[in-house]
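J.: So that we are looking at the same thing, I have put the structure below in structure tokens.
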Amino acid sequence: MASNAINKGINTATNAAIIVEVTDGNFEQTVLKSDQPVLIDFWATWCSPCKALSPVVDQIATAYAGKVKVGKMDIDSNPSTPQRYGVRGIPTLLVFKNGQVQEQIVGLVKFDVIEKALNKQVG
């Protein structure tokens, strides 16, 4: 298993859900150069709404396995990227496609809100 993966029951052989730990250091390669849409969850350990959103992001990763890359970025450990993209409140979800932000979702939202945003970018 890749060292940059957050363990979520990853099984790349069956294309099951994988959630990548995105950092300031790997952001360009992982997100901007991705050949598929990327959903990034900007979060922090002290953020209660972020913790509540985490299982929803996990469900999204499973539902969109092979179609959308899903990553999480701890804003306390990686301050440059959130600042670069104007992330002022968390949780914030950004959807990237072809290296550009396509969607921004702020706050604790339900699965269908994220699904609607992703469906615009997939296919």
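We label chains A, B, ... in the order they appear in the structure tokens, count residues from 1 in each chain, and number ligands from 1 in the order shown.
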Enumerate the residues of range 10-63 of chain A with a DSSP assignment of strand (DSSP E or B), computed from the backbone, and present them as JSON, numbers by chain.
T.: {"A": [19, 20, 21, 38, 39, 40, 41, 42, 43]}
J.: Per DSSP on the backbone, filter range 46-88 of chain A down to the residues in alpha helix (DSSP H) and report them as a ChimeraX atom specification.
T.: /A:48-63,80-84
J.: Limited to N, CA, C and O atoms, could you put the picked residues into a file as an mmCIF file, in the first residue's frame?
T.:
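This is the output file out-v3.cif:
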```
data_model
loop_
_atom_site.group_PDB
_atom_site.id
_atom_site.type_symbol
_atom_site.label_atom_id
_atom_site.label_comp_id
_atom_site.auth_asym_id
_atom_site.auth_seq_id
_atom_site.Cartn_x
_atom_site.Cartn_y
_atom_site.Cartn_z
ATOM 1 N N SER A 48 -15.040 19.766 14.340
ATOM 2 C CA SER A 48 -16.140 18.799 14.507
ATOM 3 C C SER A 48 -16.947 18.573 13.228
ATOM 4 O O SER A 48 -17.245 17.425 12.896
ATOM 5 N N PRO A 49 -17.326 19.622 12.472
ATOM 6 C CA PRO A 49 -18.032 19.371 11.212
ATOM 7 C C PRO A 49 -17.195 18.549 10.222
ATOM 8 O O PRO A 49 -17.738 17.766 9.448
ATOM 9 N N CYS A 50 -15.870 18.732 10.253
ATOM 10 C CA CYS A 50 -14.984 17.939 9.379
ATOM 11 C C CYS A 50 -15.086 16.458 9.737
ATOM 12 O O CYS A 50 -15.145 15.600 8.846
ATOM 13 N N LYS A 51 -15.095 16.178 11.036
ATOM 14 C CA LYS A 51 -15.218 14.780 11.490
ATOM 15 C C LYS A 51 -16.564 14.202 11.076
ATOM 16 O O LYS A 51 -16.663 13.038 10.689
ATOM 17 N N ALA A 52 -17.603 15.016 11.116
ATOM 18 C CA ALA A 52 -18.935 14.556 10.724
ATOM 19 C C ALA A 52 -19.016 14.320 9.214
ATOM 20 O O ALA A 52 -19.759 13.439 8.763
ATOM 21 N N LEU A 53 -18.263 15.086 8.439
ATOM 22 C CA LEU A 53 -18.271 14.940 6.986
ATOM 23 C C LEU A 53 -17.438 13.748 6.509
ATOM 24 O O LEU A 53 -17.696 13.197 5.446
ATOM 25 N N SER A 54 -16.487 13.327 7.315
ATOM 26 C CA SER A 54 -15.559 12.272 6.911
ATOM 27 C C SER A 54 -16.230 10.992 6.403
ATOM 28 O O SER A 54 -15.849 10.468 5.355
ATOM 29 N N PRO A 55 -17.264 10.453 7.083
ATOM 30 C CA PRO A 55 -17.911 9.247 6.557
ATOM 31 C C PRO A 55 -18.604 9.483 5.200
ATOM 32 O O PRO A 55 -18.675 8.573 4.381
ATOM 33 N N VAL A 56 -19.076 10.698 4.968
ATOM 34 C CA VAL A 56 -19.706 11.026 3.686
ATOM 35 C C VAL A 56 -18.638 11.008 2.585
ATOM 36 O O VAL A 56 -18.864 10.470 1.495
ATOM 37 N N VAL A 57 -17.480 11.581 2.879
ATOM 38 C CA VAL A 57 -16.376 11.570 1.918
ATOM 39 C C VAL A 57 -15.941 10.128 1.640
ATOM 40 O O VAL A 57 -15.658 9.769 0.495
ATOM 41 N N ASP A 58 -15.932 9.297 2.671
ATOM 42 C CA ASP A 58 -15.605 7.878 2.484
ATOM 43 C C ASP A 58 -16.610 7.205 1.544
ATOM 44 O O ASP A 58 -16.226 6.428 0.667
ATOM 45 N N GLN A 59 -17.891 7.516 1.721
ATOM 46 C CA GLN A 59 -18.931 6.952 0.844
ATOM 47 C C GLN A 59 -18.736 7.425 -0.591
ATOM 48 O O GLN A 59 -18.917 6.653 -1.537
ATOM 49 N N ILE A 60 -18.381 8.688 -0.762
ATOM 50 C CA ILE A 60 -18.121 9.233 -2.099
ATOM 51 C C ILE A 60 -16.949 8.497 -2.743
ATOM 52 O O ILE A 60 -17.006 8.127 -3.914
ATOM 53 N N ALA A 61 -15.888 8.274 -1.966
ATOM 54 C CA ALA A 61 -14.709 7.580 -2.497
ATOM 55 C C ALA A 61 -15.085 6.188 -2.992
ATOM 56 O O ALA A 61 -14.619 5.749 -4.046
ATOM 57 N N THR A 62 -15.953 5.508 -2.265
ATOM 58 C CA THR A 62 -16.397 4.177 -2.669
ATOM 59 C C THR A 62 -17.287 4.261 -3.905
ATOM 60 O O THR A 62 -17.095 3.524 -4.872
ATOM 61 N N ALA A 63 -18.242 5.175 -3.888
ATOM 62 C CA ALA A 63 -19.198 5.296 -4.994
ATOM 63 C C ALA A 63 -18.530 5.720 -6.303
ATOM 64 O O ALA A 63 -18.981 5.331 -7.379
ATOM 65 N N SER A 80 -0.126 26.162 2.793
ATOM 66 C CA SER A 80 0.055 26.881 1.525
ATOM 67 C C SER A 80 -1.087 26.661 0.536
ATOM 68 O O SER A 80 -1.595 27.617 -0.040
ATOM 69 N N THR A 81 -1.463 25.418 0.334
ATOM 70 C CA THR A 81 -2.492 25.110 -0.669
ATOM 71 C C THR A 81 -3.852 25.693 -0.316
ATOM 72 O O THR A 81 -4.485 26.328 -1.175
ATOM 73 N N PRO A 82 -4.342 25.529 0.921
ATOM 74 C CA PRO A 82 -5.628 26.152 1.255
ATOM 75 C C PRO A 82 -5.604 27.671 1.041
ATOM 76 O O PRO A 82 -6.573 28.245 0.526
ATOM 77 N N GLN A 83 -4.503 28.307 1.399
ATOM 78 C CA GLN A 83 -4.386 29.755 1.209
ATOM 79 C C GLN A 83 -4.423 30.092 -0.280
ATOM 80 O O GLN A 83 -5.103 31.037 -0.698
ATOM 81 N N ARG A 84 -3.715 29.326 -1.078
ATOM 82 C CA ARG A 84 -3.654 29.542 -2.536
ATOM 83 C C ARG A 84 -5.040 29.480 -3.185
ATOM 84 O O ARG A 84 -5.337 30.216 -4.120
#
```
J.: Tell me which protein, DNA and RNA residues are within 12 Å of Gly25 in chain A, counting only C-alpha atoms, leaving out same-chain ones fewer than 6 positions away, and put them as a PDB file with N, CA, C and O atoms, in the first residue's frame.
T.:
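File written: around.pdb
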```
ATOM      1  N   ASN A   4       1.310   7.218   1.033  1.00  0.00           N
ATOM      2  CA  ASN A   4       0.521   8.440   1.082  1.00  0.00           C
ATOM      3  C   ASN A   4      -0.978   8.169   1.102  1.00  0.00           C
ATOM      4  O   ASN A   4      -1.772   9.061   0.951  1.00  0.00           O
ATOM      5  N   VAL A  31      -3.051  16.231  -7.686  1.00  0.00           N
ATOM      6  CA  VAL A  31      -4.302  16.906  -8.034  1.00  0.00           C
ATOM      7  C   VAL A  31      -4.235  17.580  -9.408  1.00  0.00           C
ATOM      8  O   VAL A  31      -5.016  17.266 -10.299  1.00  0.00           O
ATOM      9  N   MET A  73      -6.827  16.877   2.813  1.00  0.00           N
ATOM     10  CA  MET A  73      -5.686  17.715   3.161  1.00  0.00           C
ATOM     11  C   MET A  73      -5.906  18.350   4.522  1.00  0.00           C
ATOM     12  O   MET A  73      -6.885  19.070   4.733  1.00  0.00           O
ATOM     13  N   SER A  77      -1.320  21.138   8.790  1.00  0.00           N
ATOM     14  CA  SER A  77      -0.026  20.615   8.350  1.00  0.00           C
ATOM     15  C   SER A  77       0.374  21.149   6.980  1.00  0.00           C
ATOM     16  O   SER A  77       1.541  21.074   6.600  1.00  0.00           O
ATOM     17  N   ASN A  78      -0.595  21.651   6.232  1.00  0.00           N
ATOM     18  CA  ASN A  78      -0.363  22.096   4.853  1.00  0.00           C
ATOM     19  C   ASN A  78      -1.040  23.443   4.616  1.00  0.00           C
ATOM     20  O   ASN A  78      -2.098  23.512   3.991  1.00  0.00           O
ATOM     21  N   PRO A  79      -0.460  24.542   5.101  1.00  0.00           N
ATOM     22  CA  PRO A  79      -1.129  25.836   5.010  1.00  0.00           C
ATOM     23  C   PRO A  79      -1.081  26.507   3.632  1.00  0.00           C
ATOM     24  O   PRO A  79      -1.940  27.331   3.314  1.00  0.00           O
ATOM     25  N   SER A  80      -0.126  26.162   2.793  1.00  0.00           N
ATOM     26  CA  SER A  80       0.055  26.881   1.525  1.00  0.00           C
ATOM     27  C   SER A  80      -1.087  26.661   0.536  1.00  0.00           C
ATOM     28  O   SER A  80      -1.595  27.617  -0.040  1.00  0.00           O
ATOM     29  N   THR A  81      -1.463  25.418   0.334  1.00  0.00           N
ATOM     30  CA  THR A  81      -2.492  25.110  -0.669  1.00  0.00           C
ATOM     31  C   THR A  81      -3.852  25.693  -0.316  1.00  0.00           C
ATOM     32  O   THR A  81      -4.485  26.328  -1.175  1.00  0.00           O
TER      33      THR A  81
END
```
J.: Show me, as an MDAnalysis selection string, the residues that have an atom within 8 Å of Thr92 in chain A when counting only C-alpha atoms, minus same-chain residues fewer than 4 positions from it.
T.: chainID A and resid 41:43 87 104:107
J.: Could you tell me which of A:Gly66, A:Gly89, A:Pro37, A:Trp46 comes closest to Glu103 in chain A if we count only C-alpha atoms?
T.: A:Pro37
J.: Can you work out which one of A:Asp76, A:Asn98, A:Ala65, A:Thr45 has the shortest atom-to-atom distance to Thr30 in chain A, counting only C-alpha atoms?
T.: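 Going through A:Asp76, A:Asn98, A:Ala65, A:Thr45 one by one, the smallest distance to Thr30 in chain A is for A:Asn98.
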J.: In Å, how far is it from CA of Ala17 in chain A to CA of Val68 in chain A?
T.: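 Separation of CA of Ala17 in chain A and CA of Val68 in chain A: 9.9 Å.
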